[in-house]
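Participant: Please find my_file20.tsv (TSV, C-alpha atoms) on the next line:
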chain	number	residue	atom	x	y	z
A	22	MET	CA	30.77	-95.74	-23.61
A	23	GLU	CA	30.82	-93.76	-26.84
A	24	SER	CA	34.16	-93.24	-28.52
A	25	HIS	CA	35.61	-89.79	-28.04
A	26	SER	CA	36.37	-89.78	-31.73
A	27	SER	CA	32.70	-90.02	-32.67
A	28	TYR	CA	30.76	-87.01	-33.91
A	29	PRO	CA	27.52	-86.18	-32.07
A	30	CYS	CA	24.85	-84.74	-34.30
A	31	ARG	CA	21.50	-83.31	-33.21
A	32	LYS	CA	18.43	-84.88	-34.76
A	33	ARG	CA	15.93	-82.57	-36.44
A	34	VAL	CA	13.92	-81.65	-33.39
A	35	PRO	CA	12.63	-78.24	-32.34
A	36	TRP	CA	14.90	-76.57	-29.81
A	37	ARG	CA	15.51	-73.14	-28.47
A	38	LEU	CA	18.39	-71.46	-26.66
A	39	LEU	CA	17.24	-69.13	-23.86
A	40	ASP	CA	19.99	-67.16	-22.15
A	41	THR	CA	22.50	-69.91	-21.43
A	42	GLU	CA	19.95	-72.70	-21.13
A	43	ALA	CA	18.12	-74.64	-23.80
A	44	LEU	CA	14.82	-76.38	-24.31
A	45	VAL	CA	14.68	-79.41	-26.58
A	46	VAL	CA	11.44	-81.06	-27.66
A	47	ASP	CA	11.09	-84.72	-28.48
A	48	VAL	CA	8.11	-84.43	-30.81
A	49	LYS	CA	7.53	-88.17	-31.11
A	50	ALA	CA	7.25	-88.55	-27.34
A	51	GLY	CA	5.65	-85.14	-26.83
A	52	LEU	CA	8.25	-84.27	-24.20
A	53	LEU	CA	10.23	-81.12	-23.51
A	54	TYR	CA	13.71	-81.37	-22.01
A	55	PRO	CA	15.20	-78.36	-20.23
A	56	LEU	CA	18.99	-78.34	-20.47
A	57	ASN	CA	21.22	-76.44	-18.06
A	58	SER	CA	24.02	-74.26	-19.35
A	59	VAL	CA	26.50	-77.13	-19.74
A	60	GLY	CA	23.92	-79.38	-21.39
A	61	ALA	CA	22.86	-76.53	-23.65
A	62	ARG	CA	26.45	-75.94	-24.72
A	63	ILE	CA	26.97	-79.63	-25.49
A	64	TRP	CA	23.72	-79.63	-27.47
A	65	GLN	CA	24.79	-76.53	-29.41
A	66	LEU	CA	28.18	-78.03	-30.22
A	67	SER	CA	26.65	-81.34	-31.34
A	68	ASP	CA	26.41	-80.25	-34.95
A	69	GLY	CA	27.99	-83.35	-36.45
A	70	GLN	CA	31.20	-81.49	-37.22
A	71	ARG	CA	32.90	-81.70	-33.84
A	72	SER	CA	34.05	-84.88	-32.15
A	73	VAL	CA	33.26	-85.67	-28.53
A	74	GLU	CA	36.86	-84.87	-27.68
A	75	GLU	CA	36.65	-81.49	-29.38
A	76	ILE	CA	33.46	-80.73	-27.48
A	77	VAL	CA	35.21	-81.64	-24.22
A	78	GLN	CA	37.99	-79.19	-25.08
A	79	TYR	CA	35.43	-76.42	-25.68
A	80	LEU	CA	33.77	-77.14	-22.35
A	81	ALA	CA	37.08	-77.28	-20.48
A	82	ALA	CA	37.89	-73.82	-21.81
A	83	GLU	CA	34.49	-72.38	-20.93
A	84	PHE	CA	33.55	-73.99	-17.62
A	85	ASP	CA	35.37	-74.15	-14.32
A	86	ALA	CA	35.78	-77.91	-13.87
A	87	ASP	CA	38.55	-80.42	-14.36
A	88	GLU	CA	38.79	-82.06	-17.74
A	89	LYS	CA	38.33	-85.60	-16.44
A	90	THR	CA	34.99	-84.71	-14.85
A	91	ILE	CA	33.88	-82.84	-17.96
A	92	ARG	CA	34.80	-85.78	-20.19
A	93	GLN	CA	32.81	-88.22	-18.04
A	94	ASP	CA	29.80	-85.91	-17.69
A	95	ALA	CA	29.76	-85.12	-21.41
A	96	ALA	CA	29.92	-88.83	-22.29
A	97	ASP	CA	27.06	-89.62	-19.88
A	98	PHE	CA	24.97	-86.77	-21.23
A	99	LEU	CA	25.55	-87.68	-24.87
A	100	ARG	CA	24.70	-91.31	-24.13
A	101	GLU	CA	21.42	-90.21	-22.59
A	102	LEU	CA	20.62	-87.99	-25.57
A	103	ARG	CA	21.28	-90.88	-27.92
A	104	GLN	CA	19.13	-93.24	-25.87
A	105	ARG	CA	16.28	-90.76	-26.13
A	106	GLY	CA	16.80	-90.53	-29.87
A	107	LEU	CA	17.77	-86.87	-29.84
A	108	ILE	CA	21.26	-87.24	-31.33
A	109	SER	CA	23.23	-89.65	-33.44
A	110	LEU	CA	26.89	-90.50	-32.91
A	111	ASP	CA	28.55	-90.66	-36.30
A	112	ASP	CA	31.92	-92.11	-37.31
A	113	LYS	CA	32.73	-89.19	-39.59
A	114	PRO	CA	32.07	-85.45	-39.42
A	115	ARG	CA	29.11	-84.14	-41.41
A	116	PRO	CA	29.47	-81.39	-43.98
A	117	PRO	CA	28.73	-77.89	-42.64
A	118	ALA	CA	25.59	-77.54	-44.74
A	119	ASP	CA	23.86	-80.40	-42.95
A	120	PRO	CA	22.87	-79.11	-39.51
A	121	GLY	CA	21.14	-81.85	-37.60
A	122	GLY	CA	18.82	-79.73	-35.57
A	123	ARG	CA	16.77	-76.64	-35.42
A	124	GLY	CA	17.26	-73.65	-33.25
A	125	PRO	CA	18.10	-69.99	-33.44
A	126	GLY	CA	19.38	-69.30	-36.92
A	127	GLU	CA	18.24	-72.69	-38.17
A	128	ARG	CA	14.61	-71.94	-38.87
A	129	GLY	CA	12.41	-73.97	-41.11
A	130	PRO	CA	9.48	-72.67	-43.12
A	131	GLY	CA	7.42	-71.82	-40.01
A	132	LEU	CA	3.66	-71.51	-39.80
B	26	MET	CA	-45.24	-59.76	-47.94
B	27	PRO	CA	-41.63	-60.29	-49.05
B	28	VAL	CA	-39.97	-63.49	-48.00
B	29	VAL	CA	-36.84	-62.75	-46.01
B	30	PRO	CA	-34.34	-65.60	-46.18
B	31	ARG	CA	-33.27	-66.86	-42.77
B	32	ASP	CA	-29.68	-66.02	-42.01
B	33	ARG	CA	-28.06	-69.38	-41.39
B	34	SER	CA	-24.60	-68.09	-40.64
B	35	VAL	CA	-23.29	-66.76	-37.39
B	36	GLN	CA	-20.15	-64.80	-36.58
B	37	LEU	CA	-17.89	-65.26	-33.59
B	38	GLU	CA	-15.00	-63.13	-32.45
B	39	ILE	CA	-12.38	-64.76	-30.25
B	40	ALA	CA	-9.18	-62.89	-29.38
B	41	GLY	CA	-9.50	-60.71	-32.47
B	42	LEU	CA	-10.20	-63.66	-34.80
B	43	VAL	CA	-13.59	-63.20	-36.49
B	44	PHE	CA	-15.11	-66.44	-37.78
B	45	GLN	CA	-18.17	-66.77	-39.98
B	46	VAL	CA	-19.76	-70.14	-39.28
B	47	VAL	CA	-21.81	-71.44	-42.20
B	48	GLY	CA	-23.64	-74.71	-42.62
B	49	ALA	CA	-25.15	-74.92	-39.16
B	50	THR	CA	-28.93	-75.32	-39.14
B	51	GLY	CA	-31.80	-75.62	-36.71
B	52	LEU	CA	-30.80	-76.79	-33.27
B	53	SER	CA	-27.12	-76.67	-34.12
B	54	LEU	CA	-27.31	-72.99	-35.06
B	55	ALA	CA	-29.35	-72.20	-31.96
B	56	TRP	CA	-26.83	-74.06	-29.80
B	57	ILE	CA	-23.92	-72.10	-31.27
B	58	LYS	CA	-25.69	-68.79	-30.68
B	59	GLU	CA	-26.39	-69.69	-27.07
B	60	ARG	CA	-23.06	-71.35	-26.24
B	61	TYR	CA	-20.95	-68.55	-27.71
B	62	ARG	CA	-23.41	-65.69	-27.06
B	63	PRO	CA	-20.95	-63.20	-25.49
B	64	PHE	CA	-18.62	-63.76	-28.45
B	65	LEU	CA	-21.11	-63.21	-31.28
B	66	SER	CA	-19.87	-60.49	-33.59
B	67	ARG	CA	-20.99	-58.29	-36.46
B	68	LYS	CA	-17.47	-57.42	-37.57
B	69	PRO	CA	-16.31	-58.43	-41.06
B	70	SER	CA	-15.27	-62.05	-40.93
B	71	GLN	CA	-11.68	-63.10	-41.52
B	72	ILE	CA	-12.18	-66.85	-41.69
B	73	ARG	CA	-15.11	-68.92	-42.94
B	74	LEU	CA	-15.89	-72.11	-41.05
B	75	HIS	CA	-17.92	-74.52	-43.17
B	76	MET	CA	-19.67	-77.11	-41.05
B	77	GLU	CA	-20.31	-80.46	-42.69
B	78	ILE	CA	-22.18	-83.20	-40.93
B	79	GLN	CA	-20.24	-86.46	-40.91
B	80	HIS	CA	-22.31	-89.54	-40.10
B	81	ALA	CA	-19.54	-92.08	-40.49
B	82	TRP	CA	-15.80	-91.85	-40.07
B	83	PRO	CA	-13.99	-93.71	-42.82
B	84	GLY	CA	-10.69	-95.10	-41.66
B	85	GLY	CA	-11.65	-94.80	-38.01
B	86	ARG	CA	-11.28	-91.95	-35.60
B	87	PRO	CA	-7.92	-90.90	-34.19
B	88	PRO	CA	-7.42	-92.01	-30.59
B	89	GLN	CA	-5.69	-88.73	-29.69
B	90	PRO	CA	-6.01	-85.17	-30.97
B	91	ARG	CA	-3.51	-84.36	-33.67
B	92	VAL	CA	-2.60	-81.15	-35.48
B	93	ASP	CA	-0.59	-81.13	-38.70
B	94	TRP	CA	0.61	-78.12	-40.63
B	95	GLU	CA	2.19	-77.91	-44.05
B	96	ASN	CA	2.63	-74.90	-46.30
B	97	GLY	CA	-0.34	-72.98	-44.96
B	98	ASN	CA	-2.66	-76.00	-44.97
B	99	PHE	CA	-3.58	-77.58	-41.71
B	100	GLU	CA	-5.59	-80.43	-40.32
B	101	ILE	CA	-6.89	-80.90	-36.81
B	102	ASN	CA	-8.07	-84.42	-36.05
B	103	MET	CA	-9.97	-85.19	-32.90
B	104	PRO	CA	-11.86	-88.29	-31.77
B	105	ALA	CA	-15.24	-86.78	-32.71
B	106	CYS	CA	-14.52	-84.10	-35.29
B	107	ARG	CA	-12.03	-82.81	-37.80
B	108	ALA	CA	-10.99	-79.46	-39.23
B	109	ARG	CA	-9.13	-78.96	-42.49
B	110	GLY	CA	-8.16	-75.51	-43.57
B	111	SER	CA	-6.12	-73.21	-45.71
B	112	ILE	CA	-4.65	-70.01	-44.40
B	113	VAL	CA	-4.36	-68.62	-47.94
B	114	ASP	CA	-8.05	-69.22	-48.70
B	115	LYS	CA	-9.10	-68.28	-45.16
B	116	ARG	CA	-11.48	-71.21	-45.14
B	117	VAL	CA	-11.84	-74.10	-42.76
B	118	TRP	CA	-13.98	-77.19	-43.31
B	119	LEU	CA	-15.29	-78.77	-40.15
B	120	SER	CA	-16.48	-82.38	-40.24
B	121	VAL	CA	-18.68	-82.75	-37.22
B	122	PRO	CA	-21.09	-85.31	-35.80
B	123	PRO	CA	-24.85	-84.83	-36.25
B	124	VAL	CA	-25.51	-83.34	-32.82
B	125	PRO	CA	-26.59	-79.81	-31.87
B	126	SER	CA	-23.31	-79.18	-30.02
B	127	ALA	CA	-21.35	-79.92	-33.19
B	128	LEU	CA	-19.12	-76.82	-33.02
B	129	SER	CA	-17.41	-78.23	-29.99
B	130	PRO	CA	-15.37	-75.89	-27.80
B	131	SER	CA	-12.45	-78.31	-27.83
B	132	LEU	CA	-12.21	-78.22	-31.63
B	133	LEU	CA	-12.69	-74.46	-31.81
B	134	ARG	CA	-10.09	-74.01	-29.07
B	135	PHE	CA	-7.44	-75.93	-31.02
B	136	LEU	CA	-8.35	-73.98	-34.15
B	137	CYS	CA	-8.05	-70.62	-32.39
B	138	SER	CA	-4.76	-71.65	-30.79
B	139	LEU	CA	-3.33	-72.68	-34.13
B	140	LEU	CA	-4.44	-69.49	-35.87
B	141	LEU	CA	-3.15	-67.31	-33.03
B	142	LEU	CA	0.18	-69.11	-33.19
B	143	ARG	CA	0.66	-67.68	-36.68
B	144	GLN	CA	0.53	-64.24	-35.05
B	145	GLY	CA	2.94	-65.22	-32.28
B	146	GLY	CA	0.09	-65.77	-29.84
B	147	PHE	CA	-1.41	-68.82	-28.21
B	148	LEU	CA	-4.23	-70.13	-26.06
B	149	LEU	CA	-3.05	-71.02	-22.61
B	150	HIS	CA	-4.50	-73.36	-19.98
B	151	ALA	CA	-4.88	-70.52	-17.51
B	152	SER	CA	-7.30	-68.25	-15.74
B	153	GLY	CA	-7.06	-64.51	-16.17
B	154	VAL	CA	-8.22	-61.55	-14.10
B	155	ILE	CA	-8.04	-57.83	-14.81
B	156	GLN	CA	-6.73	-55.86	-11.87
B	157	SER	CA	-6.35	-52.07	-12.21
B	158	ARG	CA	-6.64	-52.25	-16.02
B	159	SER	CA	-3.85	-54.82	-16.32
B	160	ALA	CA	-4.26	-58.56	-16.58
B	161	TRP	CA	-2.75	-61.29	-14.46
B	162	VAL	CA	-2.73	-64.76	-15.92
B	163	PHE	CA	-2.63	-67.83	-13.66
B	164	CYS	CA	-1.38	-70.95	-15.33
B	165	GLY	CA	-1.33	-74.56	-14.28
B	166	PRO	CA	-2.73	-78.03	-14.86
B	167	SER	CA	-6.12	-79.16	-13.57
B	168	GLU	CA	-6.53	-78.71	-9.81
B	169	ALA	CA	-3.75	-76.12	-9.67
B	170	GLY	CA	-6.21	-73.43	-8.55
B	171	LYS	CA	-7.17	-71.55	-11.73
B	172	THR	CA	-10.90	-71.49	-10.98
B	173	THR	CA	-10.22	-70.83	-7.29
B	174	ILE	CA	-8.34	-67.66	-8.25
B	175	ALA	CA	-11.05	-66.60	-10.70
B	176	ARG	CA	-13.62	-66.97	-7.93
B	177	LEU	CA	-11.52	-64.70	-5.70
B	178	ALA	CA	-11.75	-61.91	-8.30
B	179	GLY	CA	-14.62	-60.12	-6.55
B	180	ALA	CA	-15.49	-57.03	-8.58
B	181	ARG	CA	-12.51	-57.52	-10.90
B	182	ARG	CA	-13.29	-58.71	-14.41
B	183	VAL	CA	-12.52	-62.37	-15.08
B	184	LEU	CA	-11.14	-63.14	-18.53
B	185	ASN	CA	-11.74	-66.86	-18.07
B	186	ASP	CA	-11.13	-69.59	-15.50
B	187	GLU	CA	-9.64	-72.14	-17.93
B	188	THR	CA	-8.42	-70.66	-21.21
B	189	VAL	CA	-6.85	-67.27	-21.88
B	190	ALA	CA	-5.64	-66.00	-25.23
B	191	ILE	CA	-2.25	-64.30	-25.25
B	192	LEU	CA	-1.23	-62.04	-28.14
B	193	ARG	CA	1.74	-59.81	-28.81
B	194	ARG	CA	0.83	-56.13	-29.04
B	195	GLY	CA	3.64	-53.63	-29.49
B	196	ARG	CA	6.41	-54.32	-27.02
B	197	GLY	CA	4.21	-56.26	-24.65
B	198	TYR	CA	1.44	-58.83	-24.58
B	199	VAL	CA	-2.32	-58.60	-24.20
B	200	ALA	CA	-4.55	-61.21	-22.53
B	201	TYR	CA	-7.99	-61.83	-24.04
B	202	SER	CA	-11.10	-63.48	-22.71
B	203	THR	CA	-12.26	-66.65	-24.45
B	204	PRO	CA	-15.47	-68.71	-24.46
B	205	PHE	CA	-13.63	-71.83	-23.29
B	206	PHE	CA	-14.52	-71.87	-19.62
B	207	GLY	CA	-13.66	-74.52	-17.04
B	208	GLU	CA	-15.34	-75.81	-13.91
B	209	GLY	CA	-16.52	-72.30	-13.03
B	210	GLY	CA	-19.04	-72.60	-15.88
B	211	PRO	CA	-20.39	-70.00	-18.33
B	212	VAL	CA	-20.22	-67.22	-15.75
B	213	MET	CA	-16.43	-67.33	-16.27
B	214	ALA	CA	-16.81	-66.39	-19.95
B	215	GLU	CA	-19.46	-63.73	-19.91
B	216	ALA	CA	-17.97	-61.01	-22.05
B	217	GLN	CA	-15.32	-60.05	-24.52
B	218	ALA	CA	-12.51	-58.35	-22.64
B	219	ARG	CA	-8.80	-57.78	-22.90
B	220	ALA	CA	-6.03	-56.03	-21.02
B	221	ALA	CA	-2.30	-55.52	-21.22
B	222	LEU	CA	-0.59	-58.39	-19.47
B	223	LYS	CA	1.18	-57.49	-16.25
B	224	GLY	CA	2.51	-60.90	-15.34
B	225	MET	CA	2.00	-64.63	-15.46
B	226	CYS	CA	1.95	-66.87	-12.41
B	227	PHE	CA	2.35	-70.63	-12.31
B	228	LEU	CA	0.14	-71.77	-9.49
B	229	HIS	CA	1.06	-73.81	-6.43
B	230	LYS	CA	-1.35	-74.20	-3.52
B	231	ALA	CA	0.22	-73.30	-0.17
B	232	LYS	CA	-0.60	-72.01	3.29
B	233	ARG	CA	0.87	-68.56	2.73
B	234	PHE	CA	1.74	-66.27	-0.14
B	235	THR	CA	5.24	-66.46	-1.57
B	236	HIS	CA	6.63	-66.18	-5.06
B	237	GLN	CA	9.75	-66.63	-7.10
B	238	GLN	CA	10.54	-64.95	-10.40
B	239	LEU	CA	11.38	-67.43	-13.14
B	240	THR	CA	14.08	-67.34	-15.76
B	241	ALA	CA	12.87	-67.29	-19.36
B	242	SER	CA	13.88	-70.92	-19.73
B	243	GLN	CA	11.96	-71.96	-16.62
B	244	ALA	CA	8.88	-70.02	-17.76
B	245	VAL	CA	8.89	-71.56	-21.23
B	246	GLY	CA	9.45	-75.00	-19.72
B	247	ARG	CA	6.41	-74.59	-17.47
B	248	ALA	CA	4.15	-72.97	-20.08
B	249	PHE	CA	4.93	-75.36	-22.93
B	250	SER	CA	2.64	-78.16	-21.78
B	251	GLN	CA	-0.12	-75.65	-21.00
B	252	VAL	CA	-0.47	-74.34	-24.56
B	253	PHE	CA	-3.66	-75.74	-26.07
B	254	LEU	CA	-2.28	-77.68	-29.02
B	255	PRO	CA	-1.12	-81.24	-29.55
B	256	LYS	CA	2.66	-81.19	-29.79
B	257	ARG	CA	3.36	-83.86	-32.41
B	258	ASP	CA	4.09	-81.68	-35.43
B	259	GLN	CA	7.61	-80.25	-35.81
B	260	THR	CA	6.46	-76.98	-37.36
B	261	VAL	CA	3.79	-76.39	-34.74
B	262	VAL	CA	6.14	-77.23	-31.86
B	263	ALA	CA	8.86	-74.95	-33.23
B	264	ALA	CA	6.32	-72.12	-33.47
B	265	ILE	CA	5.16	-72.72	-29.89
B	266	LEU	CA	8.75	-72.54	-28.65
B	267	GLU	CA	9.33	-69.37	-30.64
B	268	ALA	CA	6.20	-67.68	-29.31
B	269	LEU	CA	6.83	-68.70	-25.70
B	270	ALA	CA	10.46	-67.60	-25.82
B	271	ASP	CA	9.46	-64.14	-26.98
B	272	PHE	CA	6.70	-64.01	-24.39
B	273	ALA	CA	8.98	-65.04	-21.51
B	274	GLY	CA	11.48	-62.40	-22.53
B	275	ARG	CA	8.87	-59.63	-22.25
B	276	VAL	CA	6.45	-60.61	-19.50
B	277	PRO	CA	7.55	-61.31	-15.92
B	278	CYS	CA	6.71	-64.86	-14.94
B	279	TYR	CA	6.55	-66.24	-11.43
B	280	ASP	CA	5.99	-69.37	-9.44
B	281	LEU	CA	3.19	-68.25	-7.13
B	282	PHE	CA	2.51	-70.12	-3.90
B	283	PHE	CA	-0.89	-69.00	-2.73
B	284	ARG	CA	-3.77	-69.64	-0.39
B	285	ALA	CA	-7.36	-69.04	-1.38
B	286	HIS	CA	-7.82	-65.61	0.17
B	287	PRO	CA	-8.70	-62.18	-1.28
B	288	ASP	CA	-5.38	-60.85	0.07
B	289	LEU	CA	-4.01	-62.34	-3.15
B	290	TRP	CA	-4.61	-59.11	-5.06
B	291	GLU	CA	-2.76	-56.98	-2.57
B	292	TYR	CA	0.07	-59.50	-2.63
B	293	LEU	CA	0.26	-59.35	-6.42
B	294	ASP	CA	0.36	-55.53	-6.32
B	295	GLY	CA	3.46	-55.88	-4.20
B	296	ILE	CA	5.43	-58.10	-6.55
B	297	ALA	CA	5.03	-56.25	-9.85
Render the structure in this file as structure tokens.
Facilitator:
Amino acid sequence: MESHSSYPCRKRVPWRLLDTEALVVDVKAGLLYPLNSVGARIWQLSDGQRSVEEIVQYLAAEFDADEKTIRQDAADFLRELRQRGLISLDDKPRPPADPGGRGPGERGPGL
Amino acid sequence: MPVVPRDRSVQLEIAGLVFQVVGATGLSLAWIKERYRPFLSRKPSQIRLHMEIQHAWPGGRPPQPRVDWENGNFEINMPACRARGSIVDKRVWLSVPPVPSALSPSLLRFLCSLLLLRQGGFLLHASGVIQSRSAWVFCGPSEAGKTTIARLAGARRVLNDETVAILRRGRGYVAYSTPFFGEGGPVMAEAQARAALKGMCFLHKAKRFTHQQLTASQAVGRAFSQVFLPKRDQTVVAAILEALADFAGRVPCYDLFFRAHPDLWEYLDGIA
């Protein structure tokens, strides 16, 4: 299991927040992953600046579930994202100017 | 008697995009005029398509279609043809095989989809029917029932049984006919037509009519794979997501469980 002191960081993949859910595209595999509201929140918070433990604290404050369950679910979810190559788990936080993904407010040059 | 030069160009209008095709000759030109007849246009062209016959393919042909975009330049590579273009110059060079059907619908479809994407629109794997001056679009993979629905249209105008263009207009969206028909054949692409979009249905065959309205996320998730573009370029994929998200926020989208019966139209009137 990933250390709770590691820092999840989204890879540069197209993604989009819709209401409370999110859609993430693995361009290499040509696959789209729909994320529910909890998954979307974890994805949003995985900016390389927050540790897994900090993300768990955010979730515990926002969702009605016990912290132990949230911690386990978040770890499982982050492990799956890493296995699919959608995030990295870094030892140190990244500087704020280095967002690892792309979504609302993080637009590239566009067409 | 003065010699009048033969006009070797032809113009096509698809979902508001007017192409001037140059470089086609003889049988190839005749084939284009016949294949795209309802979409021939005399409007001023916006984009020039230069057709170049390619007898050999140096470096081999790509096994899968691929679209790349960078700074207004794009390249569409397909197993039998290639398009390279510049949005700034409004020119596209098509490398095509030496056959009459060189301006293949599959290449032109990707090109249209890419150009529409710049305007927030897209080409969707869907059939479309105009009912009471509004369009319904029926989306789904092969065998989902797109052509079945188009054949149930009766006196209603069919936009297409396979490919519908979707474009933002004002606060809503408009569905356009296209020449890219499916198993229903050319009769499903007989005329240029468009109508304000009333709703989009994702098709599921069933024994009775039911439906469920989708959240924006569900609608985008379902529609994403049905947009006619390869999804291997970050910029293109981000633009598809952007366009679909806006679309799903403005147009009601449903899962439609249907049986092949003309009662469909009455049922649709009842849900929107």
Participant: When distances are computed from all atoms listed in the file, which of B:His80, B:His150, B:Arg134, B:Arg91 shows the smallest separation from chain A?
Facilitator: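 Residue with the minimum atom-to-atom distance to chain A: B:Arg91.
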Participant: Neighbouring residues of range 35-43 of chain A were defined as those with any atom within 8 Å, considering only C-alpha atoms; residues of the same chain fewer than 4 positions away were excluded. Please report them as an NGL selection string.
Facilitator: (:A and (47-48 or 55-58 or 60-62 or 122-125)) or (:B and (241-242 or 259 or 262-263 or 266-267 or 270))
Participant: What gap, in Å, lies between CA of Asp94 in chain A and CA of Ala248 in chain B?
Facilitator: 28.8 Å
Participant: Closest to Glu187 in chain B among B:Leu119, B:Leu149, B:Leu140, B:Ala221, using only C-alpha atoms?
Facilitator: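 Of B:Leu119, B:Leu149, B:Leu140, B:Ala221, the one nearest Glu187 in chain B is B:Leu149, counting only C-alpha atoms.
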Participant: CA of Asp258 in chain B and CA of Tyr198 in chain B are how many Å apart?
Facilitator: 25.4 Å
Participant: Work out how far CA of Leu37 in chain B is from CA of Ile265 in chain B, in Å to one decimal.
Facilitator: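 These two atoms are separated by 24.5 Å.
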Participant: Pick out the residues sitting within 9 Å of Pro117 in chain A, and hand them over as a ChimeraX atom specification; count only C-alpha atoms, and ignore anything fewer than 6 positions along from it in its own chain.
Facilitator: /A:68-70
Participant: Go ahead and dump the residues you just picked, C-alpha atoms, as a PDB file, keeping the file's coordinate frame.
Facilitator:
ATOM      1  CA  ASP A  68      26.410 -80.250 -34.950  1.00  0.00           C
ATOM      2  CA  GLY A  69      27.990 -83.350 -36.450  1.00  0.00           C
ATOM      3  CA  GLN A  70      31.200 -81.490 -37.220  1.00  0.00           C
TER       4      GLN A  70
END
Participant: Write down, as an MDAnalysis selection string, each residue of chain B that has any atom within 10 Å of an atom of chain A, counting all atoms listed in the file.
Facilitator: chainID B and resid 94:99 112 139:140 142:145 240:243 245:247 249:250 255:267 270:271 273:274
Participant: Skip Gly106 in chain A itself and residues of its chain fewer than 2 positions away, then list as a list of chain:residue names all residues within 10 Å of it, counting all atoms listed in the file.
Facilitator: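 Listed by chain and then number, they are A:Arg31, A:Lys32, A:Val34, A:Asp47, A:Lys49, A:Arg100, A:Glu101, A:Leu102, A:Arg103, A:Gln104, A:Ile108, A:Ser109.
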Participant: Could you name the residues that touch Ala220 in chain B at 8 Å or less, counting all atoms listed in the file, but leaving out those on the same chain fewer than 4 positions away, as a list in words?
Facilitator: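 Returned residues: Ile155, Arg158, Ser159, Ala160, Val199, Ala200 and Tyr201 of chain B.
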Participant: Leu42 in chain B: which residues within 9 Å, counting only C-alpha atoms, same-chain residues fewer than 2 positions away excluded, as number ranges by chain?
Facilitator: B: 37-40, 44, 70-72, 137, 140-141
Participant: Just add N, CA, C and O atoms to range 78-89 of chain A and send it as a PDB file, in the coordinates of the input.
Facilitator:
ATOM      1  N   GLN A  78      36.997 -80.286 -25.121  1.00  0.00           N
ATOM      2  CA  GLN A  78      37.990 -79.190 -25.080  1.00  0.00           C
ATOM      3  C   GLN A  78      37.298 -77.832 -25.003  1.00  0.00           C
ATOM      4  O   GLN A  78      37.739 -76.941 -24.279  1.00  0.00           O
ATOM      5  N   TYR A  79      36.209 -77.670 -25.765  1.00  0.00           N
ATOM      6  CA  TYR A  79      35.430 -76.420 -25.680  1.00  0.00           C
ATOM      7  C   TYR A  79      34.936 -76.200 -24.259  1.00  0.00           C
ATOM      8  O   TYR A  79      35.041 -75.123 -23.692  1.00  0.00           O
ATOM      9  N   LEU A  80      34.364 -77.258 -23.684  1.00  0.00           N
ATOM     10  CA  LEU A  80      33.770 -77.140 -22.350  1.00  0.00           C
ATOM     11  C   LEU A  80      34.836 -76.833 -21.311  1.00  0.00           C
ATOM     12  O   LEU A  80      34.618 -76.022 -20.399  1.00  0.00           O
ATOM     13  N   ALA A  81      35.995 -77.491 -21.446  1.00  0.00           N
ATOM     14  CA  ALA A  81      37.080 -77.280 -20.480  1.00  0.00           C
ATOM     15  C   ALA A  81      37.537 -75.822 -20.505  1.00  0.00           C
ATOM     16  O   ALA A  81      37.937 -75.262 -19.473  1.00  0.00           O
ATOM     17  N   ALA A  82      37.467 -75.222 -21.688  1.00  0.00           N
ATOM     18  CA  ALA A  82      37.890 -73.820 -21.810  1.00  0.00           C
ATOM     19  C   ALA A  82      36.831 -72.861 -21.272  1.00  0.00           C
ATOM     20  O   ALA A  82      37.148 -71.752 -20.856  1.00  0.00           O
ATOM     21  N   GLU A  83      35.576 -73.299 -21.274  1.00  0.00           N
ATOM     22  CA  GLU A  83      34.490 -72.380 -20.930  1.00  0.00           C
ATOM     23  C   GLU A  83      33.954 -72.563 -19.514  1.00  0.00           C
ATOM     24  O   GLU A  83      33.348 -71.637 -18.958  1.00  0.00           O
ATOM     25  N   PHE A  84      34.123 -73.745 -18.943  1.00  0.00           N
ATOM     26  CA  PHE A  84      33.550 -73.990 -17.620  1.00  0.00           C
ATOM     27  C   PHE A  84      34.642 -74.335 -16.620  1.00  0.00           C
ATOM     28  O   PHE A  84      35.675 -74.905 -16.982  1.00  0.00           O
ATOM     29  N   ASP A  85      34.375 -73.983 -15.367  1.00  0.00           N
ATOM     30  CA  ASP A  85      35.370 -74.150 -14.320  1.00  0.00           C
ATOM     31  C   ASP A  85      35.242 -75.545 -13.708  1.00  0.00           C
ATOM     32  O   ASP A  85      34.597 -75.722 -12.673  1.00  0.00           O
ATOM     33  N   ALA A  86      35.799 -76.523 -14.386  1.00  0.00           N
ATOM     34  CA  ALA A  86      35.780 -77.910 -13.870  1.00  0.00           C
ATOM     35  C   ALA A  86      36.955 -78.648 -14.484  1.00  0.00           C
ATOM     36  O   ALA A  86      37.467 -78.255 -15.547  1.00  0.00           O
ATOM     37  N   ASP A  87      37.398 -79.713 -13.809  1.00  0.00           N
ATOM     38  CA  ASP A  87      38.550 -80.420 -14.360  1.00  0.00           C
ATOM     39  C   ASP A  87      38.130 -81.261 -15.568  1.00  0.00           C
ATOM     40  O   ASP A  87      36.973 -81.700 -15.676  1.00  0.00           O
ATOM     41  N   GLU A  88      39.091 -81.461 -16.445  1.00  0.00           N
ATOM     42  CA  GLU A  88      38.790 -82.060 -17.740  1.00  0.00           C
ATOM     43  C   GLU A  88      38.266 -83.489 -17.609  1.00  0.00           C
ATOM     44  O   GLU A  88      37.398 -83.916 -18.373  1.00  0.00           O
ATOM     45  N   LYS A  89      38.766 -84.210 -16.613  1.00  0.00           N
ATOM     46  CA  LYS A  89      38.330 -85.600 -16.440  1.00  0.00           C
ATOM     47  C   LYS A  89      36.825 -85.648 -16.118  1.00  0.00           C
ATOM     48  O   LYS A  89      36.077 -86.461 -16.674  1.00  0.00           O
TER      49      LYS A  89
END
